[in-house]
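Next comes run36.cif, with mmCIF, C-alpha atoms.
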```
data_data
loop_
_atom_site.label_atom_id
_atom_site.label_comp_id
_atom_site.auth_asym_id
_atom_site.auth_seq_id
_atom_site.Cartn_x
_atom_site.Cartn_y
_atom_site.Cartn_z
CA MET E 52 0.00 0.00 0.00
CA ALA E 53 1.31 3.44 -0.87
CA PRO E 54 2.19 5.89 1.95
CA ILE E 55 -1.01 7.10 3.52
CA THR E 56 -2.03 10.47 4.91
CA SER E 57 -4.89 10.66 7.42
CA ARG E 58 -7.69 12.85 6.22
CA ILE E 59 -9.18 14.64 9.21
CA ALA E 60 -12.60 15.36 7.84
CA LEU E 61 -15.38 15.02 10.36
CA THR E 62 -18.01 15.58 7.70
CA ALA E 63 -16.82 12.53 5.83
CA GLY E 64 -16.67 10.63 9.10
CA ALA E 65 -20.27 11.46 9.86
CA CYS E 66 -21.27 10.04 6.50
CA LEU E 67 -19.49 6.79 7.27
CA LEU E 68 -21.26 6.42 10.57
CA ALA E 69 -24.73 7.01 9.14
CA GLY E 70 -26.52 3.68 9.10
CA CYS E 71 -29.98 4.90 8.12
CA ALA E 72 -31.19 7.54 5.72
CA GLY E 73 -32.89 10.51 7.38
CA TRP E 74 -34.94 13.33 5.89
CA SER E 75 -33.86 16.81 4.96
CA THR E 76 -36.76 18.74 6.52
CA LEU E 77 -38.16 18.11 9.99
CA PRO E 78 -41.79 18.82 10.84
CA PRO E 79 -42.62 21.59 13.34
CA PRO E 80 -41.45 20.86 16.92
CA ALA E 81 -43.67 18.23 18.46
CA SER E 82 -45.81 19.05 21.47
CA THR E 83 -47.97 16.96 23.71
CA GLN E 84 -50.38 17.45 26.59
CA LEU E 85 -48.67 16.33 29.77
CA PRO E 86 -50.42 15.69 33.09
CA ALA E 87 -50.66 18.56 35.54
CA PRO E 88 -47.35 18.73 37.41
CA GLY E 89 -48.83 19.65 40.79
CA ALA E 90 -46.52 20.65 43.62
CA ASP E 91 -43.26 19.17 42.37
CA PRO E 92 -40.12 20.30 44.25
CA LEU E 93 -38.01 19.25 41.27
CA ARG E 94 -39.24 22.35 39.42
CA ALA E 95 -37.46 24.56 41.96
CA PHE E 96 -34.12 23.28 40.67
CA VAL E 97 -34.74 22.63 36.96
CA ALA E 98 -35.76 25.42 34.58
CA SER E 99 -38.03 23.28 32.44
CA ILE E 100 -38.62 19.60 32.95
CA ASP E 101 -41.43 19.57 30.36
CA ALA E 102 -39.36 20.61 27.35
CA PRO E 103 -39.29 17.88 24.69
CA SER E 104 -35.88 16.82 23.40
CA GLY E 105 -34.08 14.28 21.25
CA SER E 106 -36.45 14.53 18.28
CA LYS E 107 -35.57 11.95 15.64
CA PRO E 108 -37.38 11.24 12.38
CA SER E 109 -37.81 7.64 11.32
CA PRO E 110 -35.54 6.54 8.44
CA ASP E 111 -38.42 6.82 5.97
CA GLY E 112 -39.36 10.28 7.29
CA LYS E 113 -42.95 9.30 8.09
CA LYS E 114 -42.78 9.26 11.90
CA LEU E 115 -41.20 11.32 14.64
CA LEU E 116 -39.77 10.15 17.95
CA TRP E 117 -39.03 12.46 20.87
CA HIS E 118 -38.57 12.34 24.64
CA ALA E 119 -40.19 14.42 27.37
CA MET E 120 -40.95 14.28 31.08
CA TYR E 121 -44.17 12.50 31.99
CA GLY E 122 -44.55 13.17 35.69
CA ARG E 123 -41.00 12.52 36.86
CA GLU E 124 -40.10 9.93 34.25
CA VAL E 125 -38.45 10.52 30.89
CA THR E 126 -40.93 9.11 28.40
CA THR E 127 -40.75 8.38 24.68
CA PHE E 128 -43.44 9.62 22.29
CA VAL E 129 -44.01 8.58 18.66
CA ARG E 130 -46.45 10.05 16.17
CA ASN E 131 -46.92 10.40 12.44
CA ALA E 132 -44.88 13.22 10.92
CA GLU E 133 -47.96 15.03 9.65
CA GLY E 134 -49.46 15.17 13.15
CA GLY E 135 -52.08 13.35 15.17
CA ASP E 136 -52.01 11.66 18.56
CA ALA E 137 -48.74 10.36 19.93
CA ALA E 138 -48.14 6.86 21.22
CA VAL E 139 -46.53 6.82 24.67
CA PHE E 140 -43.76 4.45 25.72
CA ARG E 141 -42.50 4.50 29.32
CA LEU E 142 -39.28 2.52 29.10
CA GLY E 143 -37.09 3.74 31.94
CA ARG E 144 -33.86 5.70 31.84
CA ASN E 145 -32.41 4.16 28.67
CA LEU E 146 -33.82 5.86 25.59
CA PRO E 147 -34.81 3.84 22.50
CA TYR E 148 -33.85 4.60 18.90
CA TRP E 149 -35.16 3.73 15.45
CA ALA E 150 -34.58 0.48 13.67
CA CYS E 151 -34.19 0.97 9.93
CA ASP E 152 -37.62 -0.52 9.16
CA SER E 153 -39.14 2.73 10.51
CA ARG E 154 -41.62 0.69 12.52
CA HIS E 155 -39.70 -0.69 15.46
CA LEU E 156 -37.72 0.97 18.24
CA ILE E 157 -34.62 -0.65 19.68
CA HIS E 158 -34.30 -0.50 23.44
CA GLU E 159 -31.26 -1.84 25.27
CA SER E 160 -32.11 -2.47 28.89
CA ASP E 161 -30.66 -4.07 32.01
CA PRO E 162 -33.77 -4.32 34.23
CA ALA E 163 -32.04 -6.01 37.16
CA GLY E 164 -28.90 -3.90 36.99
CA GLY E 165 -26.61 -6.93 36.98
CA GLY E 166 -24.92 -6.46 33.64
CA ASN E 167 -27.51 -8.57 31.82
CA THR E 168 -28.22 -6.02 29.06
CA GLN E 169 -30.94 -7.24 26.72
CA VAL E 170 -32.10 -5.96 23.35
CA MET E 171 -35.82 -5.24 23.22
CA LEU E 172 -37.85 -4.55 20.09
CA ILE E 173 -40.85 -2.21 20.40
CA ASP E 174 -43.56 -2.04 17.74
CA THR E 175 -44.64 1.60 17.33
CA GLU E 176 -47.75 0.48 15.46
CA ARG E 177 -48.83 -1.61 18.47
CA PRO E 178 -48.05 0.60 21.49
CA GLY E 179 -49.92 -1.66 23.88
CA ALA E 180 -48.08 -4.81 22.83
CA THR E 181 -45.40 -6.42 24.99
CA PRO E 182 -41.90 -5.61 23.67
CA VAL E 183 -40.11 -8.52 22.03
CA ASN E 184 -36.94 -9.56 23.85
CA LEU E 185 -34.48 -10.54 21.12
CA THR E 186 -31.85 -11.69 23.61
CA PRO E 187 -33.61 -13.36 26.59
CA TRP E 188 -30.38 -15.02 27.69
CA LYS E 189 -29.66 -15.01 31.41
CA GLY E 190 -26.20 -13.92 32.51
CA SER E 191 -25.28 -12.41 29.16
CA THR E 192 -24.75 -8.92 27.76
CA SER E 193 -25.98 -7.92 24.30
CA HIS E 194 -25.65 -4.72 22.27
CA VAL E 195 -26.79 -3.63 18.80
CA ILE E 196 -23.94 -2.61 16.47
CA HIS E 197 -26.11 -1.95 13.40
CA ALA E 198 -29.76 -0.89 13.37
CA GLY E 199 -30.47 -2.60 10.06
CA ASP E 200 -30.63 -1.49 6.45
CA ALA E 201 -33.20 -1.37 3.67
CA ALA E 202 -31.64 -4.31 1.82
CA SER E 203 -31.74 -6.94 4.58
CA GLY E 204 -33.99 -5.33 7.17
CA LYS E 205 -32.01 -7.17 9.85
CA LEU E 206 -30.31 -5.83 12.95
CA VAL E 207 -26.77 -6.84 13.83
CA LEU E 208 -25.87 -7.34 17.48
CA VAL E 209 -23.09 -8.79 19.60
CA SER E 210 -23.58 -10.97 22.66
CA ASN E 211 -21.49 -13.01 25.09
CA ARG E 212 -24.23 -15.60 25.42
CA ARG E 213 -21.93 -18.49 24.46
CA ASP E 214 -18.92 -17.42 26.53
CA ALA E 215 -18.92 -14.60 29.09
CA ALA E 216 -15.46 -13.49 27.94
CA LEU E 217 -16.24 -13.40 24.20
CA PHE E 218 -18.73 -11.58 22.00
CA ASP E 219 -20.15 -13.33 18.93
CA VAL E 220 -22.12 -11.62 16.15
CA TYR E 221 -25.83 -12.28 15.60
CA SER E 222 -28.41 -11.06 13.11
CA ALA E 223 -32.00 -10.40 14.17
CA ASP E 224 -35.11 -10.12 12.01
CA PRO E 225 -37.53 -7.50 13.45
CA ALA E 226 -40.46 -8.99 11.55
CA SER E 227 -40.12 -12.53 12.92
CA GLY E 228 -37.96 -11.99 16.00
CA LYS E 229 -35.60 -14.71 14.77
CA VAL E 230 -31.99 -14.38 15.96
CA GLU E 231 -29.08 -16.39 14.60
CA MET E 232 -25.31 -16.38 15.00
CA VAL E 233 -23.42 -15.17 11.93
CA TRP E 234 -19.83 -14.88 13.24
CA LYS E 235 -18.25 -16.87 16.07
CA ASN E 236 -15.48 -15.31 18.11
CA ASN E 237 -12.39 -17.50 17.82
CA GLY E 238 -11.13 -16.38 21.21
CA ASP E 239 -9.17 -13.20 20.56
CA VAL E 240 -11.55 -10.85 18.72
CA THR E 241 -12.05 -7.67 20.76
CA ARG E 242 -14.19 -5.68 18.32
CA TRP E 243 -16.46 -6.39 15.37
CA ILE E 244 -16.74 -3.54 12.84
CA MET E 245 -19.53 -2.83 10.38
CA ASP E 246 -18.99 -1.80 6.77
CA VAL E 247 -20.98 1.11 5.37
CA ASP E 248 -22.72 -1.46 3.15
CA GLY E 249 -24.49 -2.88 6.23
CA SER E 250 -22.45 -6.07 6.69
CA VAL E 251 -19.65 -7.04 9.06
CA GLY E 252 -16.55 -5.78 7.28
CA ALA E 253 -13.67 -5.99 9.76
CA ARG E 254 -12.58 -7.13 13.19
CA VAL E 255 -9.87 -6.38 15.72
CA ARG E 256 -7.87 -9.26 17.19
CA ARG E 257 -5.53 -9.16 20.17
CA GLN E 258 -2.37 -11.25 20.00
CA ASP E 259 1.12 -10.95 21.52
CA ASN E 260 0.40 -7.57 23.19
CA GLN E 261 -0.81 -6.06 19.91
CA HIS E 262 -4.10 -5.34 18.21
CA PHE E 263 -4.53 -6.32 14.57
CA LEU E 264 -7.10 -4.86 12.20
CA GLN E 265 -8.39 -7.52 9.82
CA VAL E 266 -10.66 -6.79 6.87
CA LEU E 267 -13.08 -9.35 5.45
CA ASN E 268 -12.77 -10.06 1.73
CA LYS E 269 -16.27 -10.03 0.21
CA THR E 270 -15.39 -12.54 -2.48
CA THR E 271 -13.34 -15.15 -0.62
CA ASN E 272 -14.91 -14.59 2.82
CA THR E 273 -11.44 -14.60 4.36
CA TRP E 274 -9.76 -12.15 6.75
CA LYS E 275 -6.68 -10.11 5.88
CA SER E 276 -4.52 -8.14 8.33
CA VAL E 277 -4.01 -4.55 7.20
CA SER E 278 -2.59 -2.81 10.28
CA ALA E 279 -1.48 -3.26 13.89
CA TRP E 280 -0.88 -1.12 16.98
CA PRO E 281 0.32 -1.69 20.58
CA GLU E 282 -2.21 -3.16 22.98
CA LEU E 283 -2.15 -0.09 25.24
CA ALA E 284 -2.75 2.40 22.40
CA ASP E 285 -6.27 3.82 22.49
CA ILE E 286 -7.21 3.25 18.85
CA ARG E 287 -10.79 2.18 18.08
CA PRO E 288 -11.83 1.42 14.50
CA ILE E 289 -15.54 2.27 14.28
CA ARG E 290 -16.58 1.70 10.66
CA VAL E 291 -14.97 0.57 7.41
CA ASP E 292 -15.65 1.30 3.77
CA ARG E 293 -13.99 -1.56 1.92
CA ALA E 294 -14.99 -0.26 -1.48
CA ALA E 295 -13.07 2.99 -0.85
CA GLY E 296 -10.34 1.38 1.25
CA ASN E 297 -11.11 3.60 4.27
CA VAL E 298 -11.40 3.03 8.00
CA PHE E 299 -13.11 5.40 10.44
CA VAL E 300 -11.08 5.47 13.66
CA MET E 301 -11.66 7.00 17.09
CA SER E 302 -8.44 7.67 18.98
CA ARG E 303 -7.54 9.47 22.18
CA LEU E 304 -4.99 11.99 20.99
CA VAL E 305 -2.88 14.28 23.14
CA PRO E 306 -3.11 17.90 21.86
CA GLU E 307 0.41 18.48 23.20
CA THR E 308 1.71 16.33 20.37
CA ALA E 309 -0.10 18.57 17.91
CA GLY E 310 1.77 21.62 19.19
CA ASN E 311 -0.90 23.46 21.18
CA GLY E 312 0.90 23.09 24.51
CA THR E 313 -1.89 21.44 26.49
CA ALA E 314 -1.64 18.08 28.17
CA ALA E 315 -5.30 17.05 28.19
CA SER E 316 -6.39 14.27 25.87
CA VAL E 317 -9.34 14.44 23.50
CA ASP E 318 -11.33 11.99 21.38
CA ARG E 319 -11.15 12.66 17.67
CA GLY E 320 -12.59 10.93 14.64
CA LEU E 321 -10.26 10.24 11.74
CA PRO E 322 -11.56 8.77 8.47
CA CYS E 323 -8.29 7.44 7.13
CA ARG E 324 -6.41 4.57 5.60
CA MET E 325 -4.78 2.60 8.41
CA PRO E 326 -1.00 2.92 7.94
CA PRO E 327 1.02 -0.30 7.63
CA GLN E 328 3.27 -1.18 10.56
CA ALA E 329 6.76 -2.65 10.56
CA GLY E 330 6.56 -6.38 10.01
CA MET E 331 2.91 -6.18 8.94
CA LEU E 332 1.31 -6.80 5.59
CA SER E 333 1.04 -3.71 3.41
CA ALA E 334 -2.55 -4.04 2.25
CA SER E 335 -5.48 -1.81 1.44
CA ALA E 336 -8.79 -2.11 3.24
CA ARG E 337 -10.40 -3.41 0.06
#
```
Can the structure in the file be given as structure tokens, please?
Amino acid sequence: MAPITSRIALTAGACLLAGCAGWSTLPPPASTQLPAPGADPLRAFVASIDAPSGSKPSPDGKKLLWHAMYGREVTTFVRNAEGGDAAVFRLGRNLPYWACDSRHLIHESDPAGGGNTQVMLIDTERPGATPVNLTPWKGSTSHVIHAGDAASGKLVLVSNRRDAALFDVYSADPASGKVEMVWKNNGDVTRWIMDVDGSVGARVRRQDNQHFLQVLNKTTNTWKSVSAWPELADIRPIRVDRAAGNVFVMSRLVPETAGNGTAASVDRGLPCRMPPQAGMLSASAR
């Protein structure tokens, strides 16, 4: 691979991270009739606990999700973009977000507080229905790493169901609730990374006090090492674009090294080509 220069372009990085298409014009700010607050001492310390926030359009632009206080609880509301009554979802402190089918909300919750995070699926067209638990596995932790795409309609999540020390990759179908393993952790994978095309495109392995970035070849379905860094280095590949040969990386950089004289560290996003390391393969991310 030819010498590579990191391109610090946060706009490009934002495009890489976008998993769902949004809309260009939001409807007027949503409002809702909340119950009378009564004598609530909380209002003596907070300027406005009724103000709605976190408005998010569904990927198809036909619905709007937002959060507001309902009594003393943060509550999620969903309504059609053109108006009408809002459906109310009281889900606790963790806020849900859209799946790419524009019908379901994804809610990651640990009801017992014991590290048993589960992925719940909420049907916005059936607000009274019981949420579907996609990962009802005791003693395990599960997280969504991709909210789905128009092509497959499936979510991608990781879970340590099989082994508490390892996270495997699963796909989940919102329509049927079916969950199946698609990638098994061989024992040293520390991170699974999505491609912008909606599929698992790379992984990070830890071996001999180093981390190795491996990219999945779409044709041969084999993994190829393209870069490495010391185990203690805070480098986190977030998304890959194999077609363009790019990797989006989050890294804790020290501004002092950039010449501004401060010692504090800061997280920065760098859409770049991962540079080859000594003794490593010189390969593109394609």
> Any chance you could work out the residue set of the PyMOL selection byres ((chain E and resi 133-147) around 8) here, as a ChimeraX atom specification?
Replying inline: /E:78,83,113,124-132,148-149,156-160,175,178
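Of the listed residues (E:Arg213, E:Arg290, E:His197, E:His155), E:His155 comes nearest to Gly228 in chain E; the distances count only C-alpha atoms.
Taking CA of Ala201 in chain E and CA of Cys151 in chain E as the two end points, the separation is 6.8 Å.
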>> So the first atom is CA of Ala198 in chain E and the second is CA of Asn184 in chain E; what is the distance between them in Å, to one decimal place?
In response: 15.4 Å
> Using only C-alpha atoms, which of the listed residues (E:Gly252, E:Asp292, E:Pro281, E:Leu217) sits closest to Asn237 in chain E?
Replying inline: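 Smallest separation from Asn237 in chain E among the options: E:Leu217.
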> How far is it from CA of Val170 in chain E to CA of Pro187 in chain E, in Å with one decimal?
Replying inline: 8.2 Å
> Nearest to Gly204 in chain E among E:Arg154, E:Asp246, E:Gly190, E:Asp161, with distances taken over all atoms listed in the file: which residue is it?
Replying inline: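 Using all atoms listed in the file, Gly204 in chain E sits closest to E:Arg154.
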> For Val247 in chain E, which residue out of E:Met171, E:Ala180, E:Ala150, E:Ala295 is the nearest one, using all atoms listed in the file?
Replying inline: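 Between E:Met171, E:Ala180, E:Ala150, E:Ala295, the residue approaching Val247 in chain E most closely is E:Ala295.
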> Using the chain letters and numbers from the file, which residues does the PyMOL selection byres ((chain E and resi 189) around 12) grab, as a list in words?
Replying inline: Asp161, Pro162, Ala163, Gly165, Gly166, Asn167, Thr168, Gln169, Asn184, Thr186, Pro187, Trp188, Gly190, Ser191, Thr192, Ser193, Ser210, Asn211, Arg212, Arg213 and Ala215 of chain E
> Selected by the PyMOL selection byres ((chain E and resi 238) around 10) in the shown coordinates: which residues, as a count of residues only?
Replying inline: 13
Spatial neighbours of Ser276 in chain E, max dist 7 Å, only C-alpha atoms, sep filter under 2 positions, as a short mmCIF file (atom, residue, chain, number, x, y, z; two decimals) with C-alpha atoms, in the frame of the given file:
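Saved the output as part-v2.cif:
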```cif
data_model
loop_
_atom_site.label_atom_id
_atom_site.label_comp_id
_atom_site.auth_asym_id
_atom_site.auth_seq_id
_atom_site.Cartn_x
_atom_site.Cartn_y
_atom_site.Cartn_z
CA PHE E 263 -4.53 -6.32 14.57
CA LEU E 264 -7.10 -4.86 12.20
CA GLN E 265 -8.39 -7.52 9.82
CA VAL E 266 -10.66 -6.79 6.87
CA TRP E 274 -9.76 -12.15 6.75
CA SER E 278 -2.59 -2.81 10.28
CA LEU E 332 1.31 -6.80 5.59
#
```
>> Which residue is closest to Leu172 in chain E? Choose from E:Met120, E:Gln258, E:Pro225, E:Val220 and count all atoms listed in the file.
In response: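 Smallest distance to Leu172 in chain E is found for E:Pro225.
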>> When you count all atoms listed in the file, which of these residues is closest to Lys107 in chain E: E:Ser250, E:Val207, E:Val195, E:Ser153?
In response: E:Ser153
Around range 255-269 of chain E, fit a box with edges along x, y and z, padding it by 4 Å on each side, then list its centre and edge lengths in Å to one decimal as AutoDock Vina command-line options.
```
--center_x -7.6 --center_y -8.1 --center_z 11.7 --size_x 25.4 --size_y 14.4 --size_z 31.0
```
Atoms are missing here; could range 159-172 of chain E be completed with N, CA and C atoms and written as a short mmCIF file (atom, residue, chain, number, x, y, z; two decimals), keeping the file's coordinate frame?
```
data_model
loop_
_atom_site.label_atom_id
_atom_site.label_comp_id
_atom_site.auth_asym_id
_atom_site.auth_seq_id
_atom_site.Cartn_x
_atom_site.Cartn_y
_atom_site.Cartn_z
N GLU E 159 -32.20 -1.01 24.54
CA GLU E 159 -31.26 -1.84 25.27
C GLU E 159 -31.45 -1.58 26.76
N SER E 160 -31.73 -2.64 27.50
CA SER E 160 -32.11 -2.47 28.89
C SER E 160 -31.50 -3.55 29.77
N ASP E 161 -31.15 -3.15 30.99
CA ASP E 161 -30.66 -4.07 32.01
C ASP E 161 -31.58 -3.93 33.22
N PRO E 162 -32.74 -4.56 33.19
CA PRO E 162 -33.77 -4.32 34.23
C PRO E 162 -33.28 -4.59 35.64
N ALA E 163 -32.48 -5.63 35.82
CA ALA E 163 -32.04 -6.01 37.16
C ALA E 163 -30.77 -5.30 37.59
N GLY E 164 -30.12 -4.61 36.65
CA GLY E 164 -28.90 -3.90 36.99
C GLY E 164 -27.71 -4.79 37.26
N GLY E 165 -27.72 -6.00 36.73
CA GLY E 165 -26.61 -6.93 36.98
C GLY E 165 -25.72 -7.18 35.79
N GLY E 166 -25.75 -6.27 34.82
CA GLY E 166 -24.92 -6.46 33.64
C GLY E 166 -25.54 -7.37 32.60
N ASN E 167 -26.81 -7.71 32.78
CA ASN E 167 -27.51 -8.57 31.82
C ASN E 167 -28.30 -7.69 30.84
N THR E 168 -27.57 -6.93 30.02
CA THR E 168 -28.22 -6.02 29.06
C THR E 168 -28.89 -6.82 27.95
N GLN E 169 -30.15 -6.53 27.72
CA GLN E 169 -30.94 -7.24 26.72
C GLN E 169 -31.43 -6.26 25.66
N VAL E 170 -31.65 -6.77 24.47
CA VAL E 170 -32.10 -5.96 23.35
C VAL E 170 -33.59 -6.20 23.14
N MET E 171 -34.38 -5.16 23.36
CA MET E 171 -35.82 -5.24 23.22
C MET E 171 -36.26 -4.56 21.92
N LEU E 172 -37.30 -5.10 21.32
CA LEU E 172 -37.85 -4.55 20.09
C LEU E 172 -39.27 -4.08 20.38
#
```
